[in-house]
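K.L.:
Here it is: the structure, laid out below.
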Amino acid sequence: AQTVTQSQPEMSVQEAETVTLSCTYDTSESDYYLFWYKQPPSRQMILVIRQEAYKQQNATENRFSVNFQKAAKSFSLKISDSQLGDAAMYFCAFNTNAGKSTFGDGTTLTVKP
Amino acid sequence: GAVVSQHPSWVICKSGTSVKIECRSLDFQATTMFWYRQFPKQSLMLMATSNEGSKATYEQGVEKDKFLINHASLTLSTLTVTSAHPEDSSFYICSARVGTSGSDTQYFGPGTRLTVL
């Protein structure tokens with residue numbers, strides 16, 4: 001079974017600053033996929049970024065990037081130039097190759113103007 | 001593209017009644033659909049996985065006779081909460097995926113808030 005741990009229940013960042021959200025996971029699988037999802041107050045889950053475990057290069061999507069350390073089983077999300085609209089709950093998720101998802105407990109991000 | 005809708009968005013029902021929630025993929029065909037339950041400020045708990053035309057696979061601890069899932073077509077899955085009780089009150093989220101691999105992106109519906117009185 002897979003486990004996903006987000007050790008930061010809450011994080012805060014000043015607008016325009018950079019923040020990093022932590023995520024670690026545990027698995028015995030060699031092929032898997034990692035995701036970060038954003039859930040704003042509307043509760044609609046939105047895909048932020050994804051990473052294939054077989055890829056060494058860290059994924060980047062505009063202001064969002066990940067630091068994927070496969071040996072350490074770590075998958076952190078960096079948000080640069082934080083905006084008020086980034087305020088949300090962020091979930092780290094693990095997908096097995098067969099497609100089963102496991103989510104972390106989430107990190108609530110507050111962006112201060 | 002890749003829009004998933006849920007209906008209703010909010011439902012209030014009396015204890016003992018049944019409630020049906022629909023999940024539709026509007027612009028793609030979903031081989032696989034998932035149903036999650038989410039309590040306030042908590043994570044998503046996978047309840048079941050359904051593939052079109054076959055029986056749903058329920059996670060351990062989820063009562064299959066209480067939470068009936070039907071995936072009758074490639075664009076529609078339904079979750080029926082039978083004989084609902086106050087403890088079933090929660091936020092239910094569905095997601096849909098084109099393929100069956102972990103690499104395939106899941107697209108989430110906006111969720112349904114169920115309140116059982």
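Numbering starts fresh at 1 for the residues of each chain in the structure tokens, the chains themselves are lettered A, B, ... in the order given, and ligands are numbered from 1 as they appear.
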When DSSP works through the backbone of this structure, what residues of stretch 12-86 of chain A end up as strand (DSSP E), shown as a PyMOL selection string?
P.N.:
chain A and resi 12-14+19-21+24-26+32-39+46-52+60-61+64-69+74-79
K.L.:
Find the nearest atom pair between each residue of stretch 13-56 of chain B and stretch 71-86 of chain B for residues within 7 Å, count only C-alpha atoms, give distances in Å to one decimal, sort rows by chain and ascending number, and present the table as a tab-separated table.
P.N.:
```
residue	atom	partner	partner_atom	distance
B:Ser15	CA	B:His85	CA	4.9
B:Gly16	CA	B:Ser83	CA	4.2
B:Thr17	CA	B:Ser83	CA	4.9
B:Ser18	CA	B:Thr82	CA	4.4
B:Val19	CA	B:Val81	CA	5.2
B:Lys20	CA	B:Thr80	CA	4.2
B:Ile21	CA	B:Leu79	CA	5.1
B:Glu22	CA	B:Thr78	CA	4.6
B:Cys23	CA	B:Ser77	CA	5.2
B:Arg24	CA	B:Leu76	CA	4.6
B:Ser25	CA	B:Thr75	CA	4.9
B:Leu26	CA	B:Thr75	CA	7.0
B:Gln29	CA	B:Leu74	CA	5.0
B:Ala30	CA	B:Leu74	CA	5.1
B:Thr31	CA	B:Leu74	CA	6.0
B:Ser50	CA	B:His71	CA	6.3
B:Asn51	CA	B:His71	CA	6.5
B:Glu52	CA	B:His71	CA	5.1
B:Gly53	CA	B:Ala72	CA	5.8
```
K.L.:
Nearest residue to chain A out of B:Gln60, B:Thr32, B:Ser90, B:Gln42, using only C-alpha atoms?
P.N.:
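Under the stated criterion, the closest residue is B:Gln42.
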K.L.:
Return the neighbours of chain A among the residues of chain B, cut-off 8 Å, counting only C-alpha atoms, as a PDB file with all heavy atoms, in the first residue's frame.
P.N.:
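Writing done, so here's selection26.pdb:
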```
ATOM      1  N   GLN B  42     -10.344  17.988   5.128  1.00  0.00           N
ATOM      2  CA  GLN B  42      -9.633  16.724   5.148  1.00  0.00           C
ATOM      3  C   GLN B  42      -9.362  16.248   3.735  1.00  0.00           C
ATOM      4  O   GLN B  42      -9.758  16.881   2.757  1.00  0.00           O
ATOM      5  CB  GLN B  42     -10.434  15.677   5.925  1.00  0.00           C
ATOM      6  CG  GLN B  42     -10.536  15.968   7.412  1.00  0.00           C
ATOM      7  CD  GLN B  42     -11.161  14.820   8.178  1.00  0.00           C
ATOM      8  OE1 GLN B  42     -11.143  13.663   7.731  1.00  0.00           O
ATOM      9  NE2 GLN B  42     -11.721  15.118   9.337  1.00  0.00           N
ATOM     10  N   SER B  43      -8.673  15.131   3.653  1.00  0.00           N
ATOM     11  CA  SER B  43      -8.275  14.616   2.355  1.00  0.00           C
ATOM     12  C   SER B  43      -9.431  13.910   1.650  1.00  0.00           C
ATOM     13  O   SER B  43     -10.505  13.713   2.222  1.00  0.00           O
ATOM     14  CB  SER B  43      -7.111  13.647   2.538  1.00  0.00           C
ATOM     15  OG  SER B  43      -6.590  13.261   1.294  1.00  0.00           O
ATOM     16  N   LEU B  44      -9.177  13.540   0.414  1.00  0.00           N
ATOM     17  CA  LEU B  44     -10.148  12.765  -0.346  1.00  0.00           C
ATOM     18  C   LEU B  44      -9.946  11.290  -0.027  1.00  0.00           C
ATOM     19  O   LEU B  44      -8.832  10.773  -0.096  1.00  0.00           O
ATOM     20  CB  LEU B  44      -9.955  12.972  -1.844  1.00  0.00           C
ATOM     21  CG  LEU B  44     -10.541  14.224  -2.468  1.00  0.00           C
ATOM     22  CD1 LEU B  44      -9.821  15.474  -2.027  1.00  0.00           C
ATOM     23  CD2 LEU B  44     -10.539  14.119  -3.990  1.00  0.00           C
ATOM     24  N   MET B  45     -11.040  10.629   0.297  1.00  0.00           N
ATOM     25  CA  MET B  45     -10.985   9.195   0.553  1.00  0.00           C
ATOM     26  C   MET B  45     -11.642   8.475  -0.604  1.00  0.00           C
ATOM     27  O   MET B  45     -12.819   8.696  -0.880  1.00  0.00           O
ATOM     28  CB  MET B  45     -11.706   8.843   1.840  1.00  0.00           C
ATOM     29  CG  MET B  45     -10.969   9.225   3.096  1.00  0.00           C
ATOM     30  SD  MET B  45     -11.938   8.860   4.576  1.00  0.00           S
ATOM     31  CE  MET B  45     -12.770   7.365   4.149  1.00  0.00           C
ATOM     32  N   LEU B  46     -10.900   7.629  -1.288  1.00  0.00           N
ATOM     33  CA  LEU B  46     -11.454   6.889  -2.402  1.00  0.00           C
ATOM     34  C   LEU B  46     -12.481   5.890  -1.888  1.00  0.00           C
ATOM     35  O   LEU B  46     -12.190   5.091  -0.994  1.00  0.00           O
ATOM     36  CB  LEU B  46     -10.343   6.161  -3.166  1.00  0.00           C
ATOM     37  CG  LEU B  46     -10.783   5.315  -4.358  1.00  0.00           C
ATOM     38  CD1 LEU B  46     -11.380   6.190  -5.451  1.00  0.00           C
ATOM     39  CD2 LEU B  46      -9.604   4.523  -4.907  1.00  0.00           C
ATOM     40  N   THR B 100      -6.997   3.710 -18.358  1.00  0.00           N
ATOM     41  CA  THR B 100      -6.943   2.937 -17.113  1.00  0.00           C
ATOM     42  C   THR B 100      -5.568   2.984 -16.465  1.00  0.00           C
ATOM     43  O   THR B 100      -5.322   2.311 -15.477  1.00  0.00           O
ATOM     44  CB  THR B 100      -7.308   1.456 -17.385  1.00  0.00           C
ATOM     45  OG1 THR B 100      -6.400   0.927 -18.352  1.00  0.00           O
ATOM     46  CG2 THR B 100      -8.726   1.332 -17.898  1.00  0.00           C
ATOM     47  N   SER B 101      -4.682   3.788 -17.018  1.00  0.00           N
ATOM     48  CA  SER B 101      -3.325   3.844 -16.495  1.00  0.00           C
ATOM     49  C   SER B 101      -3.159   4.975 -15.493  1.00  0.00           C
ATOM     50  O   SER B 101      -3.862   5.982 -15.547  1.00  0.00           O
ATOM     51  CB  SER B 101      -2.344   4.044 -17.650  1.00  0.00           C
ATOM     52  OG  SER B 101      -1.069   4.430 -17.165  1.00  0.00           O
ATOM     53  N   GLY B 102      -2.203   4.806 -14.614  1.00  0.00           N
ATOM     54  CA  GLY B 102      -1.912   5.859 -13.654  1.00  0.00           C
ATOM     55  C   GLY B 102      -1.381   7.126 -14.280  1.00  0.00           C
ATOM     56  O   GLY B 102      -1.378   8.177 -13.658  1.00  0.00           O
ATOM     57  N   SER B 103      -0.936   7.019 -15.525  1.00  0.00           N
ATOM     58  CA  SER B 103      -0.428   8.207 -16.207  1.00  0.00           C
ATOM     59  C   SER B 103      -1.551   9.063 -16.771  1.00  0.00           C
ATOM     60  O   SER B 103      -1.335  10.216 -17.118  1.00  0.00           O
ATOM     61  CB  SER B 103       0.511   7.799 -17.349  1.00  0.00           C
ATOM     62  OG  SER B 103      -0.209   7.071 -18.330  1.00  0.00           O
ATOM     63  N   ASP B 104      -2.727   8.502 -16.865  1.00  0.00           N
ATOM     64  CA  ASP B 104      -3.860   9.259 -17.414  1.00  0.00           C
ATOM     65  C   ASP B 104      -4.372  10.266 -16.394  1.00  0.00           C
ATOM     66  O   ASP B 104      -4.547   9.939 -15.224  1.00  0.00           O
ATOM     67  CB  ASP B 104      -4.986   8.310 -17.813  1.00  0.00           C
ATOM     68  CG  ASP B 104      -4.584   7.371 -18.926  1.00  0.00           C
ATOM     69  OD1 ASP B 104      -3.945   7.845 -19.880  1.00  0.00           O
ATOM     70  OD2 ASP B 104      -4.894   6.169 -18.831  1.00  0.00           O
ATOM     71  N   TYR B 107      -9.905  13.975 -14.154  1.00  0.00           N
ATOM     72  CA  TYR B 107     -10.618  15.257 -14.183  1.00  0.00           C
ATOM     73  C   TYR B 107     -11.741  15.178 -13.151  1.00  0.00           C
ATOM     74  O   TYR B 107     -12.531  14.238 -13.154  1.00  0.00           O
ATOM     75  CB  TYR B 107     -11.169  15.534 -15.583  1.00  0.00           C
ATOM     76  CG  TYR B 107     -10.074  15.607 -16.619  1.00  0.00           C
ATOM     77  CD1 TYR B 107      -9.768  14.508 -17.416  1.00  0.00           C
ATOM     78  CD2 TYR B 107      -9.334  16.768 -16.793  1.00  0.00           C
ATOM     79  CE1 TYR B 107      -8.750  14.564 -18.351  1.00  0.00           C
ATOM     80  CE2 TYR B 107      -8.311  16.831 -17.733  1.00  0.00           C
ATOM     81  CZ  TYR B 107      -8.021  15.721 -18.501  1.00  0.00           C
ATOM     82  OH  TYR B 107      -7.015  15.780 -19.418  1.00  0.00           O
ATOM     83  N   PHE B 108     -11.768  16.178 -12.296  1.00  0.00           N
ATOM     84  CA  PHE B 108     -12.678  16.130 -11.157  1.00  0.00           C
ATOM     85  C   PHE B 108     -13.952  16.922 -11.407  1.00  0.00           C
ATOM     86  O   PHE B 108     -13.938  17.987 -12.032  1.00  0.00           O
ATOM     87  CB  PHE B 108     -11.987  16.677  -9.904  1.00  0.00           C
ATOM     88  CG  PHE B 108     -10.933  15.767  -9.360  1.00  0.00           C
ATOM     89  CD1 PHE B 108      -9.653  15.769  -9.881  1.00  0.00           C
ATOM     90  CD2 PHE B 108     -11.225  14.888  -8.325  1.00  0.00           C
ATOM     91  CE1 PHE B 108      -8.671  14.925  -9.385  1.00  0.00           C
ATOM     92  CE2 PHE B 108     -10.255  14.038  -7.820  1.00  0.00           C
ATOM     93  CZ  PHE B 108      -8.979  14.058  -8.354  1.00  0.00           C
ATOM     94  N   GLY B 109     -15.051  16.410 -10.855  1.00  0.00           N
ATOM     95  CA  GLY B 109     -16.290  17.157 -10.832  1.00  0.00           C
ATOM     96  C   GLY B 109     -16.245  18.177  -9.707  1.00  0.00           C
ATOM     97  O   GLY B 109     -15.339  18.156  -8.872  1.00  0.00           O
ATOM     98  N   PRO B 110     -17.218  19.075  -9.670  1.00  0.00           N
ATOM     99  CA  PRO B 110     -17.244  20.136  -8.665  1.00  0.00           C
ATOM    100  C   PRO B 110     -17.718  19.683  -7.293  1.00  0.00           C
ATOM    101  O   PRO B 110     -17.681  20.452  -6.343  1.00  0.00           O
ATOM    102  CB  PRO B 110     -18.206  21.157  -9.262  1.00  0.00           C
ATOM    103  CG  PRO B 110     -19.117  20.338 -10.104  1.00  0.00           C
ATOM    104  CD  PRO B 110     -18.289  19.210 -10.656  1.00  0.00           C
ATOM    105  N   GLY B 111     -18.171  18.436  -7.196  1.00  0.00           N
ATOM    106  CA  GLY B 111     -18.586  17.913  -5.897  1.00  0.00           C
ATOM    107  C   GLY B 111     -20.060  18.093  -5.599  1.00  0.00           C
ATOM    108  O   GLY B 111     -20.732  18.950  -6.182  1.00  0.00           O
TER     109      GLY B 111
END
```
K.L.:
Counting only C-alpha atoms, what is within 10 Å of A:Asp26, bar same-chain residues fewer than 6 positions away, as a list in words?
P.N.:
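Here the answer would be Ala1, Gln2, Thr3, Val4, Thr5, Ala72, Lys73, Ser74 and Phe94 of chain A.
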K.L.:
Export, as a PDB file, in the first residue's frame, the selected residues with C-alpha atoms.
P.N.:
```
ATOM      1  CA  ALA A   1       0.000   0.000   0.000  1.00  0.00           C
ATOM      2  CA  GLN A   2       1.045   3.549  -0.682  1.00  0.00           C
ATOM      3  CA  THR A   3       1.122   6.389   1.812  1.00  0.00           C
ATOM      4  CA  VAL A   4       1.406  10.100   1.135  1.00  0.00           C
ATOM      5  CA  THR A   5       2.422  12.508   3.897  1.00  0.00           C
ATOM      6  CA  ALA A  72      14.282  10.204  -0.767  1.00  0.00           C
ATOM      7  CA  LYS A  73      10.673   9.710  -1.907  1.00  0.00           C
ATOM      8  CA  SER A  74      10.111  13.418  -1.738  1.00  0.00           C
ATOM      9  CA  PHE A  94       0.352   9.303  -5.845  1.00  0.00           C
TER      10      PHE A  94
END
```
K.L.:
For B:Leu114, which residue among B:Ser95, B:Ser5, B:Gln38, B:Thr49 is the nearest when counting only C-alpha atoms?
P.N.:
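Once distances to B:Leu114 are computed over only C-alpha atoms, the minimum belongs to B:Gln38.
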K.L.:
List as a list in words the protein and nucleic acid residues near A:Pro113, meaning an atom at most 9 Å away when only C-alpha atoms are counted, but skip any in the same chain fewer than 2 places from it.
P.N.:
Gln14, Glu15, Ala16, Gln83, Leu84 and Val111 of chain A
K.L.:
Using only C-alpha atoms, can you tell me which of B:Ala96, B:Leu117, B:Ala56, B:Ala48 comes closest to B:Cys13?
P.N.:
B:Leu117
